[in-house]
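File shown: final_1.pdb (PDB, C-alpha atoms, pLDDT in the B column).
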MODEL        1
ATOM      1  CA  MET K   1      16.686   9.324 -13.687  1.00 77.00           C
ATOM      2  CA  ARG K   2      19.228   6.520 -13.909  1.00 87.00           C
ATOM      3  CA  ALA K   3      17.011   4.282 -11.769  1.00 83.00           C
ATOM      4  CA  LYS K   4      14.028   4.897 -14.078  1.00 85.00           C
ATOM      5  CA  ILE K   5      16.043   4.003 -17.164  1.00 93.00           C
ATOM      6  CA  THR K   6      17.376   0.863 -15.482  1.00 92.00           C
ATOM      7  CA  TYR K   7      13.848  -0.126 -14.441  1.00 90.00           C
ATOM      8  CA  LEU K   8      12.450   0.455 -17.948  1.00 91.00           C
ATOM      9  CA  VAL K   9      15.262  -1.497 -19.630  1.00 95.00           C
ATOM     10  CA  THR K  10      14.873  -4.365 -17.164  1.00 93.00           C
ATOM     11  CA  ALA K  11      11.094  -4.388 -17.641  1.00 92.00           C
ATOM     12  CA  ALA K  12      11.481  -4.399 -21.437  1.00 94.00           C
ATOM     13  CA  VAL K  13      13.946  -7.303 -21.275  1.00 95.00           C
ATOM     14  CA  LEU K  14      11.583  -9.212 -18.981  1.00 94.00           C
ATOM     15  CA  VAL K  15       8.594  -8.620 -21.276  1.00 94.00           C
ATOM     16  CA  PHE K  16      10.666  -9.851 -24.226  1.00 95.00           C
ATOM     17  CA  TYR K  17      11.690 -12.913 -22.221  1.00 94.00           C
ATOM     18  CA  PHE K  18       8.093 -13.586 -21.169  1.00 94.00           C
ATOM     19  CA  GLY K  19       7.026 -13.369 -24.813  1.00 94.00           C
ATOM     20  CA  LEU K  20       9.765 -15.784 -25.848  1.00 95.00           C
ATOM     21  CA  VAL K  21       8.909 -18.278 -23.100  1.00 94.00           C
ATOM     22  CA  GLY K  22       5.185 -17.924 -23.837  1.00 93.00           C
ATOM     23  CA  SER K  23       5.710 -18.663 -27.527  1.00 95.00           C
ATOM     24  CA  ARG K  24       7.671 -21.807 -26.607  1.00 95.00           C
ATOM     25  CA  GLY K  25       4.822 -22.860 -24.351  1.00 95.00           C
ATOM     26  CA  LEU K  26       2.344 -22.408 -27.193  1.00 95.00           C
ATOM     27  CA  LEU K  27       4.577 -24.445 -29.521  1.00 95.00           C
ATOM     28  CA  LEU K  28       4.617 -27.253 -26.975  1.00 95.00           C
ATOM     29  CA  ILE K  29       0.816 -27.146 -26.702  1.00 95.00           C
ATOM     30  CA  GLU K  30       0.448 -27.162 -30.493  1.00 95.00           C
ATOM     31  CA  HIS K  31       2.520 -30.345 -30.675  1.00 92.00           C
ATOM     32  CA  GLY K  32      -0.499 -32.091 -29.171  1.00 88.00           C
ATOM     33  CA  THR K  33       0.819 -34.985 -27.105  1.00 93.00           C
ATOM     34  CA  LEU K  34      -0.147 -35.314 -23.466  1.00 95.00           C
ATOM     35  CA  ILE K  35       3.384 -34.631 -22.233  1.00 96.00           C
ATOM     36  CA  THR K  36       4.023 -31.610 -24.497  1.00 95.00           C
ATOM     37  CA  VAL K  37       0.629 -30.084 -23.682  1.00 95.00           C
ATOM     38  CA  THR K  38       1.321 -30.549 -19.959  1.00 95.00           C
ATOM     39  CA  PHE K  39       4.775 -28.986 -20.305  1.00 95.00           C
ATOM     40  CA  GLY K  40       3.344 -26.222 -22.504  1.00 95.00           C
ATOM     41  CA  VAL K  41       0.767 -25.270 -19.878  1.00 95.00           C
ATOM     42  CA  ALA K  42       3.458 -25.374 -17.177  1.00 94.00           C
ATOM     43  CA  VAL K  43       5.725 -23.156 -19.288  1.00 94.00           C
ATOM     44  CA  LEU K  44       2.871 -20.662 -19.862  1.00 93.00           C
ATOM     45  CA  ILE K  45       2.401 -20.282 -16.117  1.00 94.00           C
ATOM     46  CA  LEU K  46       5.880 -18.732 -15.759  1.00 90.00           C
ATOM     47  CA  PRO K  47       5.216 -15.669 -17.967  1.00 92.00           C
ATOM     48  CA  VAL K  48       1.818 -15.157 -16.324  1.00 93.00           C
ATOM     49  CA  ILE K  49       3.431 -15.070 -12.873  1.00 94.00           C
ATOM     50  CA  GLY K  50       6.222 -12.845 -14.195  1.00 92.00           C
ATOM     51  CA  ILE K  51       3.835 -10.350 -15.807  1.00 93.00           C
ATOM     52  CA  TRP K  52       1.747 -10.228 -12.609  1.00 95.00           C
ATOM     53  CA  PHE K  53       4.880  -9.645 -10.497  1.00 94.00           C
ATOM     54  CA  LEU K  54       6.144  -6.937 -12.862  1.00 93.00           C
ATOM     55  CA  TRP K  55       2.718  -5.236 -12.837  1.00 95.00           C
ATOM     56  CA  LYS K  56       2.501  -5.243  -9.012  1.00 95.00           C
ATOM     57  CA  ASN K  57       6.023  -3.816  -8.701  1.00 92.00           C
ATOM     58  CA  THR K  58       5.277  -1.133 -11.288  1.00 93.00           C
ATOM     59  CA  GLN K  59       2.128  -0.153  -9.374  1.00 95.00           C
ATOM     60  CA  PHE K  60       4.118  -0.008  -6.136  1.00 94.00           C
ATOM     61  CA  VAL K  61       6.793   2.223  -7.669  1.00 92.00           C
ATOM     62  CA  ARG K  62       4.213   4.547  -9.245  1.00 93.00           C
ATOM     63  CA  ARG K  63       2.312   4.919  -5.960  1.00 95.00           C
ATOM     64  CA  ALA K  64       5.502   5.507  -3.968  1.00 94.00           C
ATOM     65  CA  ASN K  65       6.613   8.138  -6.498  1.00 93.00           C
ATOM     66  CA  ALA K  66       3.206   9.831  -6.251  1.00 94.00           C
ATOM     67  CA  LEU K  67       3.624  10.022  -2.475  1.00 94.00           C
ATOM     68  CA  ALA K  68       7.126  11.426  -2.906  1.00 93.00           C
ATOM     69  CA  THR K  69       5.813  14.083  -5.289  1.00 93.00           C
ATOM     70  CA  GLU K  70       3.033  15.056  -2.878  1.00 94.00           C
ATOM     71  CA  LEU K  71       5.400  15.130   0.090  1.00 93.00           C
ATOM     72  CA  ASP K  72       7.869  17.224  -1.915  1.00 92.00           C
ATOM     73  CA  ALA K  73       5.117  19.714  -2.763  1.00 93.00           C
ATOM     74  CA  GLU K  74       4.365  19.982   0.973  1.00 91.00           C
ATOM     75  CA  GLY K  75       8.057  20.447   1.761  1.00 89.00           C
ATOM     76  CA  GLY K  76       8.094  17.264   3.850  1.00 85.00           C
ATOM     77  CA  LEU K  77      10.606  15.080   2.038  1.00 85.00           C
ATOM     78  CA  PRO K  78      13.343  13.874   4.349  1.00 82.00           C
ATOM     79  CA  VAL K  79      16.549  15.855   4.024  1.00 80.00           C
ATOM     80  CA  ASP K  80      19.682  13.849   3.260  1.00 81.00           C
ATOM     81  CA  GLU K  81      21.556  14.402   6.503  1.00 79.00           C
ATOM     82  CA  LEU K  82      23.543  11.192   6.394  1.00 82.00           C
ATOM     83  CA  VAL K  83      27.282  11.093   6.887  1.00 81.00           C
ATOM     84  CA  ARG K  84      29.060   9.329   4.044  1.00 86.00           C
ATOM     85  CA  THR K  85      32.379   7.558   3.797  1.00 82.00           C
ATOM     86  CA  PRO K  86      35.022   8.916   1.409  1.00 86.00           C
ATOM     87  CA  GLY K  87      33.815   6.292  -1.093  1.00 85.00           C
ATOM     88  CA  GLY K  88      30.271   7.694  -0.930  1.00 81.00           C
ATOM     89  CA  ARG K  89      28.678   4.930   1.134  1.00 85.00           C
ATOM     90  CA  ILE K  90      26.303   5.808   3.944  1.00 84.00           C
ATOM     91  CA  ASP K  91      27.864   5.604   7.409  1.00 80.00           C
ATOM     92  CA  ARG K  92      26.028   2.914   9.382  1.00 81.00           C
ATOM     93  CA  ASP K  93      25.965   4.883  12.665  1.00 82.00           C
ATOM     94  CA  SER K  94      24.544   7.914  10.866  1.00 83.00           C
ATOM     95  CA  ALA K  95      21.826   5.791   9.231  1.00 84.00           C
ATOM     96  CA  ASP K  96      20.981   4.214  12.598  1.00 83.00           C
ATOM     97  CA  ALA K  97      20.638   7.631  14.255  1.00 85.00           C
ATOM     98  CA  VAL K  98      18.314   8.915  11.517  1.00 87.00           C
ATOM     99  CA  PHE K  99      16.354   5.658  11.657  1.00 87.00           C
ATOM    100  CA  ALA K 100      15.835   6.013  15.432  1.00 88.00           C
ATOM    101  CA  ARG K 101      14.396   9.515  14.940  1.00 90.00           C
ATOM    102  CA  ARG K 102      12.108   8.340  12.130  1.00 91.00           C
ATOM    103  CA  ARG K 103      10.908   5.386  14.185  1.00 92.00           C
ATOM    104  CA  GLU K 104      10.054   7.669  17.125  1.00 94.00           C
ATOM    105  CA  GLU K 105       8.240  10.048  14.768  1.00 92.00           C
ATOM    106  CA  THR K 106       6.210   7.148  13.385  1.00 94.00           C
ATOM    107  CA  GLU K 107       5.431   5.799  16.864  1.00 94.00           C
ATOM    108  CA  ASP K 108       4.109   9.251  17.813  1.00 94.00           C
ATOM    109  CA  SER K 109       1.907   9.479  14.678  1.00 91.00           C
ATOM    110  CA  PRO K 110       1.218   5.904  13.521  1.00 93.00           C
ATOM    111  CA  ASP K 111      -1.685   6.930  11.264  1.00 93.00           C
ATOM    112  CA  ASP K 112       0.268   9.543   9.286  1.00 93.00           C
ATOM    113  CA  TRP K 113       1.403   8.264   5.897  1.00 94.00           C
ATOM    114  CA  ARG K 114       4.112  10.933   5.809  1.00 94.00           C
ATOM    115  CA  CYS K 115       5.833   9.415   8.854  1.00 93.00           C
ATOM    116  CA  TRP K 116       5.678   5.949   7.327  1.00 95.00           C
ATOM    117  CA  PHE K 117       7.121   7.298   4.074  1.00 94.00           C
ATOM    118  CA  ARG K 118      10.071   8.865   5.908  1.00 92.00           C
ATOM    119  CA  LEU K 119      10.514   5.651   7.927  1.00 93.00           C
ATOM    120  CA  ALA K 120      10.651   3.683   4.662  1.00 93.00           C
ATOM    121  CA  VAL K 121      13.417   5.990   3.408  1.00 92.00           C
ATOM    122  CA  ALA K 122      15.310   5.488   6.683  1.00 90.00           C
ATOM    123  CA  TYR K 123      14.989   1.706   6.362  1.00 89.00           C
ATOM    124  CA  GLN K 124      16.289   1.901   2.797  1.00 87.00           C
ATOM    125  CA  ASP K 125      19.223   4.048   3.898  1.00 84.00           C
ATOM    126  CA  ALA K 126      19.985   1.417   6.553  1.00 83.00           C
ATOM    127  CA  ARG K 127      19.901  -1.218   3.766  1.00 83.00           C
ATOM    128  CA  ASP K 128      16.856  -2.994   5.202  1.00 87.00           C
ATOM    129  CA  THR K 129      14.905  -3.330   1.962  1.00 89.00           C
ATOM    130  CA  PRO K 130      12.179  -5.734   3.166  1.00 93.00           C
ATOM    131  CA  ARG K 131      11.196  -3.433   6.041  1.00 93.00           C
ATOM    132  CA  ALA K 132      11.518  -0.389   3.779  1.00 93.00           C
ATOM    133  CA  ARG K 133       9.040  -1.972   1.381  1.00 95.00           C
ATOM    134  CA  LYS K 134       6.595  -2.857   4.179  1.00 96.00           C
ATOM    135  CA  ALA K 135       6.794   0.666   5.590  1.00 95.00           C
ATOM    136  CA  MET K 136       6.176   2.138   2.120  1.00 95.00           C
ATOM    137  CA  GLN K 137       3.230  -0.212   1.616  1.00 95.00           C
ATOM    138  CA  ARG K 138       1.830   1.045   4.936  1.00 96.00           C
ATOM    139  CA  ALA K 139       2.319   4.656   3.788  1.00 95.00           C
ATOM    140  CA  ILE K 140       0.507   3.910   0.516  1.00 95.00           C
ATOM    141  CA  ALA K 141      -2.362   2.192   2.351  1.00 95.00           C
ATOM    142  CA  LEU K 142      -2.731   5.084   4.810  1.00 94.00           C
ATOM    143  CA  HIS K 143      -2.656   7.600   1.971  1.00 93.00           C
ATOM    144  CA  ARG K 144      -5.370   5.739   0.069  1.00 91.00           C
ATOM    145  CA  ASN K 145      -7.526   5.070   3.164  1.00 87.00           C
ATOM    146  CA  PRO K 146      -6.685   7.553   5.912  1.00 82.00           C
ATOM    147  CA  VAL K 147      -7.631   6.526   9.450  1.00 76.00           C
ATOM    148  CA  PRO K 148      -9.775   9.216  11.095  1.00 72.00           C
ATOM    149  CA  THR K 149      -8.241  10.626  14.259  1.00 61.00           C
ATOM    150  CA  GLY K 150      -9.588   8.891  17.346  1.00 57.00           C
ATOM    151  CA  ALA K 151     -11.366   6.200  15.296  1.00 54.00           C
ATOM    152  CA  PRO K 152     -11.637   2.655  16.656  1.00 54.00           C
ATOM    153  CA  GLY K 153      -8.814   0.577  15.241  1.00 51.00           C
ATOM    154  CA  SER K 154      -6.635   3.641  14.922  1.00 51.00           C
ATOM    155  CA  SER K 155      -2.914   2.972  15.331  1.00 51.00           C
ATOM    156  CA  ALA K 156      -3.375  -0.612  14.160  1.00 49.00           C
ATOM    157  CA  GLY K 157      -0.011  -0.765  12.383  1.00 54.00           C
ATOM    158  CA  SER K 158       2.873  -1.269  14.742  1.00 60.00           C
ATOM    159  CA  VAL K 159       6.209   0.260  13.988  1.00 63.00           C
ATOM    160  CA  PRO K 160       8.780  -2.478  13.455  1.00 63.00           C
ATOM    161  CA  SER K 161      12.008  -2.197  15.363  1.00 59.00           C
ATOM    162  CA  GLY K 162      15.222  -1.764  13.476  1.00 57.00           C
ATOM    163  CA  ASP K 163      16.715  -5.001  14.793  1.00 54.00           C
TER     164      ASP K 163
ENDMDL
END

Let me see the file written as structure tokens.
Amino acid sequence: MRAKITYLVTAAVLVFYFGLVGSRGLLLIEHGTLITVTFGVAVLILPVIGIWFLWKNTQFVRRANALATELDAEGGLPVDELVRTPGGRIDRDSADAVFARRREETEDSPDDWRCWFRLAVAYQDARDTPRARKAMQRAIALHRNPVPTGAPGSSAGSVPSGD
């Protein structure tokens, strides 16, 4: 719940900022000189890119949460079996061991979105956010467009190593 509140507050602050920057861009355009109009258009590009980025991230989070809800209903969410330090941090060796199992599971069933979802969680636990995101994107894509078993092109997504 804390993560949702943080995300919503951050998104609200960003939308406010985009509105503020956009209004400054419009003021520059209204000034009417070649330089201010050019700067105004350039300034307006920033909020457009920001809104697009925020929208894509929100879609990603919503889709990943939908997969988590479905996997939870099936009883397939990964169990937190990680060893933690006294300070609460995940032990690196424990995360690596869980990751190795998840990678093998995904290599055995490369067209199963559930395996990719669990692999994404293992990447995140190992603090490899870029690979976690790519694995979750693969899970979302497989969930939306499942690959029929034995179909040509099946197993097209390779499982990245943890290195």

Identify, on the basis of all atoms listed in the file, every residue whose closest approach to range 72-79 of chain K does not exceed 7 Å; exclude the query and any residue fewer than 3 positions from it along the same chain; express the result as a list in words.
->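 So the residues in contact are Ala68, Thr69 and Arg118 of chain K.
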
Between CA of Ile140 in chain K and CA of Asp108 in chain K, distance in Å (one decimal) =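 About the pair CA of Ile140 in chain K and CA of Asp108 in chain K: they are 18.5 Å apart.
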
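Across the structure, CA of Trp116 in chain K and CA of Pro146 in chain K are spaced 12.5 Å apart.
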
Find the residue from K:Phe99, K:Trp52, K:Tyr7, K:Phe117 that sits nearest to Ala139 in chain K; use all atoms listed in the file when measuring.
->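 Of all the options, K:Phe117 lies closest to Ala139 in chain K.
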
Go through K:Pro148, K:Gly32, K:Gly88, K:Pro130 and flag the residue nearest Pro110 in chain K, using only C-alpha atoms for the distances.
->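 Smallest distance to Pro110 in chain K is found for K:Pro148.
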
Written as an MDAnalysis selection string, which residues does the PyMOL selection byres ((chain K and resi 14) around 12) give for the file shown?
-> chainID K and resid 7:13 15:22 46:55

Using only C-alpha atoms, which residues sit within 9 Å of Arg92 in chain K once same-chain residues fewer than 3 positions away are excluded, as JSON, numbers by chain?
-> {"K": [83, 84, 89, 95, 96, 97, 125, 126]}
